[in-house]
>>> print(open('my_file-v7.csv').read())   # CSV, C-alpha atoms
chain,number,residue,atom,x,y,z
C,1,MET,CA,23.5,18.3,-14.1
C,2,SER,CA,22.5,14.8,-12.8
C,3,ARG,CA,23.0,14.0,-9.2
C,4,PRO,CA,24.8,10.8,-8.1
C,5,PRO,CA,22.2,8.0,-7.8
C,6,VAL,CA,23.2,7.1,-4.2
C,7,ALA,CA,23.5,10.6,-2.8
C,8,ALA,CA,21.1,11.7,-0.1
C,9,PRO,CA,18.2,13.7,-1.5
C,10,ARG,CA,18.0,17.5,-1.0
C,11,ALA,CA,14.5,17.3,0.5
C,12,SER,CA,14.2,15.2,3.6
C,13,ARG,CA,10.4,15.2,3.5
C,14,LEU,CA,7.9,15.0,0.7
C,15,PRO,CA,4.7,16.2,2.2
C,16,SER,CA,2.6,15.8,-0.9
C,17,LEU,CA,3.3,12.1,-1.0
C,18,THR,CA,2.4,11.9,2.7
C,19,GLY,CA,-0.9,13.6,1.9
C,20,LEU,CA,-1.6,11.3,-1.0
C,21,ARG,CA,-1.2,8.3,1.3
C,22,PHE,CA,-4.5,9.1,3.0
C,23,VAL,CA,-6.3,9.6,-0.3
C,24,ALA,CA,-5.2,6.1,-1.3
C,25,ALA,CA,-6.2,4.7,2.1
C,26,LEU,CA,-9.6,6.2,1.6
C,27,LEU,CA,-9.9,4.3,-1.7
C,28,VAL,CA,-9.4,1.1,0.1
C,29,PHE,CA,-11.9,2.0,2.8
C,30,ALA,CA,-14.4,2.9,0.1
C,31,PHE,CA,-13.9,-0.5,-1.6
C,32,HIS,CA,-14.4,-2.3,1.7
C,33,THR,CA,-17.6,-0.4,2.6
C,34,THR,CA,-19.3,-0.1,-0.8
C,35,TRP,CA,-18.4,-3.3,-2.5
C,36,GLN,CA,-17.0,-6.0,-0.3
C,37,THR,CA,-19.3,-5.3,2.7
C,38,ALA,CA,-21.8,-2.9,1.3
C,39,TYR,CA,-23.2,-0.5,3.9
C,40,VAL,CA,-25.6,1.3,1.7
C,41,SER,CA,-28.4,-0.6,0.1
C,42,GLY,CA,-30.6,0.3,-2.9
C,43,ALA,CA,-29.7,1.9,-6.2
C,44,GLY,CA,-27.4,4.4,-4.6
C,45,GLY,CA,-25.5,1.6,-2.8
C,46,ALA,CA,-25.2,-0.3,-6.1
C,47,ALA,CA,-23.9,2.8,-7.8
C,48,LEU,CA,-21.2,3.3,-5.1
C,49,GLY,CA,-20.2,-0.3,-5.4
C,50,ASP,CA,-19.7,0.0,-9.1
C,51,ALA,CA,-17.7,3.2,-8.7
C,52,PHE,CA,-15.4,1.8,-6.1
C,53,ALA,CA,-15.2,-1.9,-7.2
C,54,ASN,CA,-11.6,-1.4,-8.3
C,55,ALA,CA,-10.5,1.1,-5.7
C,56,GLY,CA,-8.9,-1.3,-3.2
C,57,PHE,CA,-6.7,-2.8,-5.9
C,58,TYR,CA,-5.7,0.6,-7.2
C,59,GLY,CA,-4.7,1.6,-3.7
C,60,VAL,CA,-2.5,-1.4,-3.3
C,61,SER,CA,-0.6,-0.6,-6.4
C,62,PHE,CA,-0.2,3.0,-5.4
C,63,PHE,CA,1.4,2.1,-2.1
C,64,PHE,CA,3.7,-0.6,-3.5
C,65,VAL,CA,5.0,1.9,-6.0
C,66,LEU,CA,5.3,4.6,-3.3
C,67,SER,CA,7.1,2.3,-1.0
C,68,GLY,CA,9.9,1.6,-3.6
C,69,PHE,CA,10.1,5.3,-4.5
C,70,VAL,CA,10.4,6.5,-0.9
C,71,LEU,CA,12.9,4.0,0.2
C,72,THR,CA,15.1,4.8,-2.7
C,73,TRP,CA,14.6,8.5,-2.3
C,74,SER,CA,15.7,8.4,1.3
C,75,ALA,CA,18.5,5.9,1.0
C,76,ARG,CA,22.0,6.8,2.3
C,77,THR,CA,25.3,5.6,1.2
C,78,ASP,CA,26.4,4.8,4.8
C,79,ASP,CA,23.3,2.6,5.5
C,80,THR,CA,23.5,-1.1,6.0
C,81,ALA,CA,21.0,-3.9,5.4
C,82,PRO,CA,20.5,-4.7,9.1
C,83,LYS,CA,19.8,-1.0,9.8
C,84,VAL,CA,17.2,-0.9,7.0
C,85,TRP,CA,15.5,-4.1,8.2
C,86,ARG,CA,15.4,-2.9,11.8
C,87,ARG,CA,13.8,0.4,10.9
C,88,ARG,CA,11.2,-1.3,8.6
C,89,LEU,CA,10.3,-3.9,11.2
C,90,ALA,CA,10.0,-1.2,13.8
C,91,LYS,CA,7.6,0.6,11.5
C,92,ILE,CA,5.2,-2.3,10.7
C,93,TYR,CA,5.4,-5.0,13.3
C,94,PRO,CA,4.1,-3.2,16.4
C,95,ASN,CA,1.0,-2.1,14.6
C,96,HIS,CA,0.6,-5.6,13.1
C,97,LEU,CA,1.0,-7.3,16.5
C,98,VAL,CA,-1.6,-5.0,18.2
C,99,THR,CA,-4.2,-5.5,15.4
C,100,PHE,CA,-3.4,-9.2,15.3
C,101,VAL,CA,-4.4,-9.5,19.0
C,102,ALA,CA,-7.4,-7.3,18.4
C,103,ALA,CA,-8.5,-9.6,15.5
C,104,ALA,CA,-8.1,-12.6,17.8
C,105,VAL,CA,-10.3,-11.1,20.5
C,106,LEU,CA,-13.0,-10.1,17.9
C,107,MET,CA,-12.9,-13.6,16.4
C,108,LEU,CA,-13.3,-15.2,19.8
C,109,VAL,CA,-16.3,-12.9,20.6
C,110,ALA,CA,-17.8,-13.7,17.2
C,111,ALA,CA,-17.0,-17.4,17.5
C,112,ASP,CA,-15.0,-17.4,14.3
C,113,ALA,CA,-12.8,-20.4,13.5
C,114,PHE,CA,-9.0,-20.3,13.8
C,115,THR,CA,-6.6,-22.4,11.7
C,116,THR,CA,-3.1,-23.2,12.8
C,117,LYS,CA,-1.6,-22.5,9.4
C,118,GLY,CA,-3.4,-19.3,8.8
C,119,THR,CA,-2.8,-17.9,12.3
C,120,LEU,CA,0.9,-18.6,12.4
C,121,ALA,CA,1.4,-17.5,8.8
C,122,ASN,CA,-0.4,-14.2,9.7
C,123,LEU,CA,1.5,-13.7,12.9
C,124,PHE,CA,4.9,-14.0,11.1
C,125,LEU,CA,3.8,-12.2,8.0
C,126,LEU,CA,4.2,-15.1,5.7
C,127,GLN,CA,0.5,-15.4,4.5
C,128,ALA,CA,1.0,-14.0,1.0
C,129,TRP,CA,3.3,-16.9,0.1
C,130,PHE,CA,0.5,-19.5,0.4
C,131,PRO,CA,-1.6,-20.2,-2.7
C,132,ASP,CA,-4.4,-21.4,-0.3
C,133,LEU,CA,-7.8,-19.6,-0.1
C,134,THR,CA,-7.8,-20.1,3.7
C,135,VAL,CA,-4.5,-18.5,4.5
C,136,PRO,CA,-3.8,-15.0,3.0
C,137,ASN,CA,-6.9,-13.3,4.5
C,138,THR,CA,-6.8,-14.8,8.0
C,139,MET,CA,-7.0,-12.8,11.3
C,140,ASN,CA,-6.7,-9.1,10.4
C,141,ALA,CA,-7.2,-9.8,6.7
C,142,VAL,CA,-5.6,-6.7,5.3
C,143,SER,CA,-2.2,-7.5,6.8
C,144,TRP,CA,-1.6,-9.8,3.8
C,145,SER,CA,0.0,-6.8,2.2
C,146,LEU,CA,2.5,-6.5,5.0
C,147,SER,CA,3.7,-9.9,4.1
C,148,VAL,CA,4.4,-8.6,0.6
C,149,GLU,CA,6.0,-5.5,1.9
C,150,LEU,CA,8.3,-7.5,4.2
C,151,PHE,CA,9.6,-9.2,1.2
C,152,PHE,CA,10.3,-5.8,-0.4
C,153,TYR,CA,12.1,-4.7,2.7
C,154,LEU,CA,14.3,-7.7,2.9
C,155,SER,CA,15.2,-7.4,-0.8
C,156,PHE,CA,15.6,-3.6,-0.9
C,157,PRO,CA,19.3,-3.3,0.1
C,158,PHE,CA,20.3,-5.8,-2.6
C,159,LEU,CA,18.0,-4.3,-5.2
C,160,LEU,CA,19.3,-0.8,-4.5
C,161,ARG,CA,22.9,-2.0,-4.9
C,162,LEU,CA,22.0,-3.4,-8.3
C,163,LEU,CA,19.9,-0.5,-9.4
C,164,ASN,CA,22.7,2.0,-8.5
C,165,ARG,CA,24.9,0.3,-11.0
C,166,VAL,CA,22.5,1.0,-13.8
C,167,PRO,CA,23.5,4.1,-15.8
C,168,VAL,CA,20.9,6.8,-16.0
C,169,ALA,CA,20.6,6.4,-19.7
C,170,ARG,CA,19.4,2.8,-19.2
C,171,LEU,CA,16.8,3.6,-16.5
C,172,TRP,CA,14.1,4.3,-19.0
C,173,PRO,CA,14.5,1.0,-20.9
C,174,LEU,CA,14.5,-0.7,-17.5
C,175,ALA,CA,11.3,1.1,-16.5
C,176,ALA,CA,9.7,0.0,-19.8
C,177,THR,CA,10.7,-3.6,-19.2
C,178,LEU,CA,9.2,-3.6,-15.7
C,179,GLY,CA,6.0,-2.1,-17.2
C,180,ALA,CA,5.9,-4.8,-19.8
C,181,PHE,CA,6.2,-7.5,-17.2
C,182,THR,CA,3.3,-6.1,-15.2
C,183,VAL,CA,1.2,-6.5,-18.4
C,184,LEU,CA,2.5,-10.0,-19.0
C,185,ALA,CA,2.0,-11.3,-15.4
C,186,PRO,CA,-1.9,-11.6,-15.8
C,187,LEU,CA,-1.3,-13.5,-19.0
C,188,VAL,CA,1.0,-15.9,-17.2
C,189,GLY,CA,-1.5,-16.3,-14.4
C,190,ARG,CA,-4.3,-16.9,-16.8
C,191,TYR,CA,-2.7,-19.5,-19.0
C,192,ALA,CA,0.2,-21.0,-17.1
C,193,VAL,CA,-1.3,-21.3,-13.6
C,194,GLY,CA,-3.9,-24.0,-12.8
C,195,GLY,CA,-6.3,-24.6,-10.0
C,196,THR,CA,-10.0,-25.2,-9.5
C,197,PRO,CA,-12.2,-22.3,-10.7
C,198,LEU,CA,-14.1,-20.4,-8.1
C,199,PRO,CA,-17.7,-19.7,-9.0
C,200,PHE,CA,-18.0,-16.5,-6.9
C,201,ILE,CA,-15.0,-14.8,-8.6
C,202,ASP,CA,-15.7,-12.7,-11.7
C,203,ASP,CA,-17.1,-15.0,-14.4
C,204,GLY,CA,-16.4,-18.2,-12.5
C,205,THR,CA,-13.5,-19.3,-14.7
C,206,LEU,CA,-10.6,-18.2,-12.4
C,207,SER,CA,-9.0,-20.2,-9.7
C,208,PHE,CA,-7.6,-18.8,-6.5
C,209,GLU,CA,-4.2,-19.9,-7.6
C,210,GLN,CA,-4.4,-17.7,-10.7
C,211,ILE,CA,-5.6,-14.7,-8.6
C,212,TRP,CA,-2.9,-15.4,-6.0
C,213,PHE,CA,-0.2,-15.3,-8.6
C,214,VAL,CA,-1.0,-11.8,-9.8
C,215,TYR,CA,-2.4,-10.3,-6.6
C,216,PHE,CA,-0.7,-11.9,-3.6
C,217,PHE,CA,2.6,-13.5,-4.8
C,218,PRO,CA,5.4,-11.2,-3.5
C,219,PRO,CA,7.9,-11.6,-6.4
C,220,VAL,CA,5.2,-10.6,-8.9
C,221,ARG,CA,4.1,-7.6,-6.8
C,222,ALA,CA,7.8,-6.6,-6.6
C,223,LEU,CA,7.5,-5.3,-10.1
C,224,GLU,CA,5.6,-2.3,-8.8
C,225,PHE,CA,8.0,-1.8,-6.0
C,226,VAL,CA,11.1,-1.8,-8.3
C,227,LEU,CA,9.3,0.5,-10.8
C,228,GLY,CA,8.9,2.9,-7.9
C,229,MET,CA,12.7,2.6,-7.2
C,230,VAL,CA,13.5,3.3,-10.8
C,231,ALA,CA,11.2,6.4,-10.8
C,232,ALA,CA,13.0,7.7,-7.7
C,233,ARG,CA,16.4,7.3,-9.4
C,234,LEU,CA,15.1,9.1,-12.5
C,235,VAL,CA,13.8,12.0,-10.4
C,236,LEU,CA,17.0,12.2,-8.4
C,237,ALA,CA,19.1,12.2,-11.5
C,238,GLY,CA,17.0,15.0,-13.1
C,239,ALA,CA,16.0,12.6,-15.9
C,240,TRP,CA,12.2,12.6,-15.2
C,241,PRO,CA,10.2,14.7,-17.7
C,242,ARG,CA,8.5,17.9,-16.6
C,243,PHE,CA,5.1,16.3,-16.1
C,244,GLY,CA,3.1,18.4,-13.6
C,245,LEU,CA,1.0,17.2,-10.7
C,246,LEU,CA,-2.3,18.1,-12.4
C,247,PRO,CA,-1.8,16.1,-15.6
C,248,ALA,CA,-0.3,13.3,-13.5
C,249,GLY,CA,-3.4,13.3,-11.3
C,250,LEU,CA,-5.7,13.3,-14.4
C,251,LEU,CA,-3.7,10.4,-15.8
C,252,ALA,CA,-4.2,8.5,-12.6
C,253,VAL,CA,-7.9,9.1,-12.7
C,254,ALA,CA,-8.1,8.0,-16.3
C,255,GLY,CA,-6.1,4.9,-15.4
C,256,TYR,CA,-8.6,4.0,-12.7
C,257,VAL,CA,-11.3,4.1,-15.3
C,258,VAL,CA,-9.3,1.9,-17.6
C,259,ASN,CA,-8.4,-0.6,-14.8
C,260,SER,CA,-12.1,-0.8,-13.9
C,261,ASN,CA,-13.0,-2.0,-17.4
C,262,VAL,CA,-10.2,-4.4,-18.3
C,263,PRO,CA,-10.3,-8.2,-17.7
C,264,TYR,CA,-10.3,-9.2,-14.1
C,265,LEU,CA,-6.7,-10.2,-13.6
C,266,TYR,CA,-5.6,-7.0,-15.1
C,267,GLY,CA,-7.9,-5.0,-12.8
C,268,VAL,CA,-6.5,-6.5,-9.6
C,269,ALA,CA,-2.8,-6.7,-10.7
C,270,GLY,CA,0.1,-4.3,-10.9
C,271,THR,CA,-0.8,-2.8,-14.2
C,272,ALA,CA,-2.2,0.1,-12.2
C,273,ALA,CA,1.4,1.1,-11.5
C,274,LEU,CA,1.7,2.3,-15.1
C,275,TRP,CA,-0.8,5.0,-14.3
C,276,LEU,CA,0.2,5.8,-10.8
C,277,THR,CA,4.0,6.0,-11.0
C,278,PRO,CA,3.9,9.4,-12.8
C,279,LEU,CA,1.7,10.7,-10.0
C,280,VAL,CA,4.2,9.7,-7.3
C,281,ALA,CA,7.1,11.2,-9.3
C,282,ALA,CA,5.2,14.4,-10.0
C,283,ALA,CA,4.3,14.9,-6.4
C,284,ALA,CA,7.9,14.4,-5.4
C,285,ARG,CA,9.0,17.0,-8.0
C,286,ALA,CA,6.4,19.4,-6.8
C,287,ASP,CA,7.7,19.2,-3.2
C,288,GLU,CA,11.3,19.4,-4.3
C,289,ASN,CA,10.7,22.5,-6.5
C,290,GLY,CA,8.3,24.2,-4.1
C,291,GLU,CA,5.4,24.0,-6.6
C,292,ARG,CA,1.8,24.3,-5.5
C,293,SER,CA,0.2,21.1,-4.3
C,294,PRO,CA,-3.3,20.3,-2.8
C,295,PHE,CA,-1.8,17.5,-0.8
C,296,ARG,CA,0.7,19.5,1.2
C,297,GLY,CA,-1.8,21.1,3.7
C,298,ARG,CA,-1.5,20.6,7.4
C,299,VAL,CA,-4.6,18.4,7.7
C,300,ALA,CA,-3.7,16.3,4.6
C,301,VAL,CA,-0.2,15.6,5.9
C,302,ARG,CA,-1.4,14.8,9.4
C,303,LEU,CA,-3.9,12.3,8.0
C,304,GLY,CA,-1.2,10.8,5.7
C,305,GLU,CA,1.0,10.3,8.7
C,306,LEU,CA,-1.6,8.1,10.5
C,307,SER,CA,-2.7,6.4,7.3
C,308,PHE,CA,-0.8,3.2,8.1
C,309,ALA,CA,-2.5,2.9,11.5
C,310,PHE,CA,-5.8,3.8,9.9
C,311,TYR,CA,-5.3,1.0,7.3
C,312,MET,CA,-4.4,-1.5,10.0
C,313,VAL,CA,-7.6,-0.9,12.0
C,314,HIS,CA,-10.2,-0.1,9.4
C,315,GLY,CA,-10.7,-3.6,8.1
C,316,LEU,CA,-11.6,-4.9,11.6
C,317,VAL,CA,-14.0,-1.9,12.2
C,318,VAL,CA,-15.7,-2.3,8.8
C,319,THR,CA,-16.0,-6.1,9.0
C,320,TYR,CA,-17.4,-6.5,12.5
C,321,ALA,CA,-19.5,-3.3,12.5
C,322,HIS,CA,-21.2,-4.5,9.3
C,323,ARG,CA,-21.7,-8.0,10.8
C,324,TRP,CA,-23.1,-6.9,14.1
C,325,LEU,CA,-25.1,-3.8,13.0
C,326,ILE,CA,-26.3,-4.7,9.5
C,327,GLY,CA,-25.8,-8.4,8.9
C,328,GLY,CA,-28.3,-9.7,6.5
C,329,GLN,CA,-30.9,-7.0,7.3
C,330,ASP,CA,-32.3,-4.7,4.6
C,331,VAL,CA,-31.5,-1.4,6.4
C,332,PRO,CA,-32.6,1.9,4.9
C,333,PRO,CA,-30.0,3.5,2.7
C,334,PHE,CA,-29.8,6.6,4.9
C,335,PHE,CA,-29.1,4.4,8.0
C,336,GLY,CA,-26.4,2.5,6.1
C,337,ALA,CA,-24.8,5.8,5.0
C,338,VAL,CA,-24.7,7.0,8.6
C,339,LEU,CA,-23.1,3.7,9.7
C,340,LEU,CA,-20.6,4.1,6.9
C,341,VAL,CA,-19.6,7.6,8.1
C,342,ALA,CA,-19.4,6.3,11.7
C,343,ALA,CA,-17.2,3.5,10.7
C,344,LEU,CA,-14.9,6.0,8.9
C,345,LEU,CA,-14.7,8.3,11.9
C,346,LEU,CA,-14.1,5.3,14.3
C,347,SER,CA,-11.4,4.0,12.1
C,348,VAL,CA,-9.7,7.4,12.0
C,349,ALA,CA,-10.0,7.7,15.8
C,350,LEU,CA,-8.6,4.2,16.5
C,351,GLY,CA,-5.9,4.8,13.8
C,352,TYR,CA,-4.9,8.0,15.6
C,353,ALA,CA,-4.7,6.1,18.9
C,354,LEU,CA,-2.6,3.4,17.3
C,355,PHE,CA,-0.3,6.0,15.6
C,356,ARG,CA,0.1,8.1,18.8
C,357,TRP,CA,0.6,5.4,21.4
C,358,VAL,CA,2.0,2.5,19.5
C,359,GLU,CA,3.6,3.3,16.2
C,360,THR,CA,5.3,6.6,17.0
C,361,PRO,CA,6.9,5.8,20.3
C,362,LEU,CA,8.0,2.3,19.2
C,363,VAL,CA,9.4,3.6,15.9
C,364,ARG,CA,11.5,6.1,17.9
C,365,ARG,CA,12.6,3.5,20.4
C,366,LEU,CA,13.3,0.6,18.0
C,367,SER,CA,14.7,2.4,15.0
C,368,GLY,CA,17.8,3.7,16.7
C,369,PRO,CA,19.1,7.3,16.7
C,370,ARG,CA,18.1,9.5,13.8
C,371,PRO,CA,19.8,12.6,12.5
C,372,ASP,CA,18.0,16.0,12.5
C,373,PRO,CA,16.0,16.2,9.2
C,374,VAL,CA,17.5,18.4,6.5
C,375,PRO,CA,15.4,21.6,6.2
C,376,THR,CA,13.6,22.2,3.0
C,377,PRO,CA,11.7,25.3,1.9
C,378,SER,CA,8.8,23.1,0.6
C,379,ALA,CA,8.3,21.2,3.8
C,380,PRO,CA,5.4,22.2,6.1
C,381,SER,CA,6.1,23.8,9.5
C,382,SER,CA,4.2,21.1,11.2
C,383,PRO,CA,5.1,17.4,11.3
C,384,ALA,CA,4.3,17.0,8.8
C,385,ALA,CA,-12.7,-5.1,-10.0
C,386,GLY,CA,-15.9,-6.2,-9.7
C,387,GLY,CA,-17.0,-9.5,-8.2
C,388,ASP,CA,-14.1,-10.0,-5.8
C,389,PRO,CA,-14.7,-10.9,-2.2
C,390,LEU,CA,-11.0,-10.7,-1.4
C,391,PRO,CA,-10.0,-7.7,0.7
C,392,ALA,CA,-7.6,-5.3,-0.8
C,393,GLY,CA,-5.5,-2.8,1.1
C,394,PRO,CA,-2.5,-0.5,0.7
C,395,ILE,CA,0.9,-0.5,2.3
C,396,PRO,CA,1.3,2.9,3.6
C,397,ALA,CA,4.6,4.3,2.6
C,398,THR,CA,7.4,5.1,5.0
C,399,THR,CA,7.8,8.3,6.8
C,400,LEU,CA,9.6,10.6,4.3
C,401,GLU,CA,12.7,11.5,6.2
C,402,ALA,CA,16.3,11.4,5.0
C,403,LYS,CA,17.3,8.6,7.4
C,404,GLU,CA,14.3,6.5,6.4
>>> encode(input="my_file-v7.csv", output="C-alpha cells")
Amino acid sequence: MSRPPVAAPRASRLPSLTGLRFVAALLVFAFHTTWQTAYVSGAGGAALGDAFANAGFYGVSFFFVLSGFVLTWSARTDDTAPKVWRRRLAKIYPNHLVTFVAAAVLMLVAADAFTTKGTLANLFLLQAWFPDLTVPNTMNAVSWSLSVELFFYLSFPFLLRLLNRVPVARLWPLAATLGAFTVLAPLVGRYAVGGTPLPFIDDGTLSFEQIWFVYFFPPVRALEFVLGMVAARLVLAGAWPRFGLLPAGLLAVAGYVVNSNVPYLYGVAGTAALWLTPLVAAAARADENGERSPFRGRVAVRLGELSFAFYMVHGLVVTYAHRWLIGGQDVPPFFGAVLLVAALLLSVALGYALFRWVETPLVRRLSGPRPDPVPTPSAPSSPAAGGDPLPAGPIPATTLEAKE
C-alpha cells in the first residue's frame, strides 16, 4: 500500500546516504588534486588526471540530487517555510562565513586581488547568478555551489507543495520530463547562449556564458534537485522498482564513464543525475529495509557527517598548498603523491574541527528545538570533463533526521 506523500518517513536516518556523501566529496577532492591543480607529475599524474577529469562535476550532480531527496524524505506536514529556511541557513552559513574569512586571510597573505562585486556576491551567496568569469569562483571558490543550494532551499517549500499535488501515477512521467530537460539544457546552452569563446576551455569554442548556463545557473541546476524530490516521493509511495544497491552502484560507475566521454557541456551538466538518482534511491531503500550496505559502517557515516565541512575547507587547502609547496616546480611524482595525501589528511582534520566547533553547535543553537529521532532498526548505534579550470564541488546533503 502506498504511503501518503507528505507523511513523515518511517526511518529518521539514512546512514548509507550519509556514508555516500564522503565518497562523493572524495571525487571532488580527487578532481581538484589530479586535474585542476595536479599534485603528481609524470605519466602517473597524467593518468590520474584523465581518470578524475569528470569527478568534480559528477560529485556536484550527486549532491544536488541527494539534497532534493533528503529534504523531501524528511519533510513534515507541520513545517513552515520560515522554519525550513532557518534550519538550512543554520546548516550552511556559519561554515561559509568561517571559510570566507579564512579565504580573505589567505588572499591577503598571497597578495591576491579582491573585487567588490565578487567579494560581496560570495559573502551573500549570490555568485552563481552572475554570468561573469570573475565572480562565481571568488574567495573560497567552491562556495559557488552554496549559492545554488540557497536557491533550492528558498524554493523547496513551494516546490514540495506543488509536488505533493501530483498523483503517484504521474510521478514517473514527471521524472522522465525532468530527465529530458537535463539532456536539452546543454543544447540550449550551446546554441541559444552567446558570449566570447574561451581558448582554455575544452576545444576553445565555448564561452563562459554557455558554461555558466548549464553549470552555475541555479534554475537549470534545479532540475537535478527536483529529480531528487520526485525520487523521494516515489520511494516513500512504494512506487520505486526493486533495484538493488549493487546494480545501482554499477550503473553510477558506468554513467561516470559515459559522462567522461560525452561533449563537454554534457559532461559538466546535470545529465549525471540520470545515472546517480537510482543510487540515491537504492541506498535509501537499503536503509529502510535493513539490507546490507557498505556505506553504513561507523567510520563511513562519521566521515559523511563531516563531509560538508571537509568540502568547505578542502579547496583552500588544495589551492594554497599547491601554490606554496609546488608552484611551477617539477617535483618528483613520489613527493607530489605525499603532498596530495598530506593535503587530504589536513583537509579532513580541518573539516573535523569546523564540524565539531562551528557547524554542530551552531546548527543546534540556530535551528530551534528538535524532536527525538524516530528509532529505526537500520540506523547505526553511533551518530551516525577534461580541460576545465573551473572548480567543481558538491553540496553535502542535509543531516538525515526526521525534523530536517
>>> residues_near_point(input="my_file-v7.csv", point="(-3.6, -10.1, 12.3)", cutoff="8 Å", atoms="all atoms listed in the file", output="list in words")
His96, Leu97, Thr99, Phe100, Val101, Ala102, Ala103, Ala104, Thr119, Asn122, Leu123, Thr138, Met139, Asn140, Ala141 and Ser143 of chain C
>>> write_last_selection(input="my_file-v7.csv", atoms="C-alpha atoms", output="PDB file, in the frame of the given file")
ATOM      1  CA  HIS C  96       0.600  -5.600  13.100  1.00  0.00           C
ATOM      2  CA  LEU C  97       1.000  -7.300  16.500  1.00  0.00           C
ATOM      3  CA  THR C  99      -4.200  -5.500  15.400  1.00  0.00           C
ATOM      4  CA  PHE C 100      -3.400  -9.200  15.300  1.00  0.00           C
ATOM      5  CA  VAL C 101      -4.400  -9.500  19.000  1.00  0.00           C
ATOM      6  CA  ALA C 102      -7.400  -7.300  18.400  1.00  0.00           C
ATOM      7  CA  ALA C 103      -8.500  -9.600  15.500  1.00  0.00           C
ATOM      8  CA  ALA C 104      -8.100 -12.600  17.800  1.00  0.00           C
ATOM      9  CA  THR C 119      -2.800 -17.900  12.300  1.00  0.00           C
ATOM     10  CA  ASN C 122      -0.400 -14.200   9.700  1.00  0.00           C
ATOM     11  CA  LEU C 123       1.500 -13.700  12.900  1.00  0.00           C
ATOM     12  CA  THR C 138      -6.800 -14.800   8.000  1.00  0.00           C
ATOM     13  CA  MET C 139      -7.000 -12.800  11.300  1.00  0.00           C
ATOM     14  CA  ASN C 140      -6.700  -9.100  10.400  1.00  0.00           C
ATOM     15  CA  ALA C 141      -7.200  -9.800   6.700  1.00  0.00           C
ATOM     16  CA  SER C 143      -2.200  -7.500   6.800  1.00  0.00           C
TER      17      SER C 143
END
>>> atom_distance(input="my_file-v7.csv", atom1="atom CA of C:Leu354", atom2="atom CA of C:Val98")
8.5 Å
>>> closest_residue(input="my_file-v7.csv", among="C:Ala75, C:Ala175, C:Ala25, C:Val40", to="C:Phe334", atoms="all atoms listed in the file")
C:Val40
>>> residues_around(input="my_file-v7.csv", residues="stretch 159-169 of chain C", least_positions_apart="3", cutoff="12 Å", atoms="only C-alpha atoms", output="VMD selection string")
chain C and resid 1 to 7 68 to 69 71 to 77 79 to 81 84 151 to 156 172 to 175 222 to 223 225 to 240
>>> closest_residue(input="my_file-v7.csv", among="C:Ala353, C:Val109, C:Val188, C:Ala248", to="C:Ala286", atoms="only C-alpha atoms")
C:Ala248
>>> closest_atom_pairs(input="my_file-v7.csv", of="stretch 227-293 of chain C", to="stretch 198-205 of chain C", cutoff="10 Å", atoms="all atoms listed in the file", output="JSON lines")
{"residue": "C:Pro263", "atom": "CA", "partner": "C:Asp202", "partner_atom": "CA", "distance": 9.2}
{"residue": "C:Tyr264", "atom": "CA", "partner": "C:Asp202", "partner_atom": "CA", "distance": 6.9}
{"residue": "C:Leu265", "atom": "CA", "partner": "C:Asp202", "partner_atom": "CA", "distance": 9.5}
>>> atom_distance(input="my_file-v7.csv", atom1="atom CA of C:Ala30", atom2="atom CA of C:Thr115")
28.9 Å
>>> atom_distance(input="my_file-v7.csv", atom1="atom CA of C:Ala176", atom2="atom CA of C:Pro241")
14.9 Å
>>> closest_residue(input="my_file-v7.csv", among="C:Val257, C:Arg21, C:Ala90, C:His32", to="C:Ala343", atoms="all atoms listed in the file")
C:His32
>>> residues_near_point(input="my_file-v7.csv", point="(-2.5, -13.1, -16.0)", cutoff="9 Å", atoms="all atoms listed in the file", output="list in words")
Val183, Leu184, Ala185, Pro186, Leu187, Val188, Gly189, Arg190, Tyr191, Ala192, Val193, Gln210, Ile211, Phe213, Val214, Tyr264, Leu265, Tyr266 and Ala269 of chain C
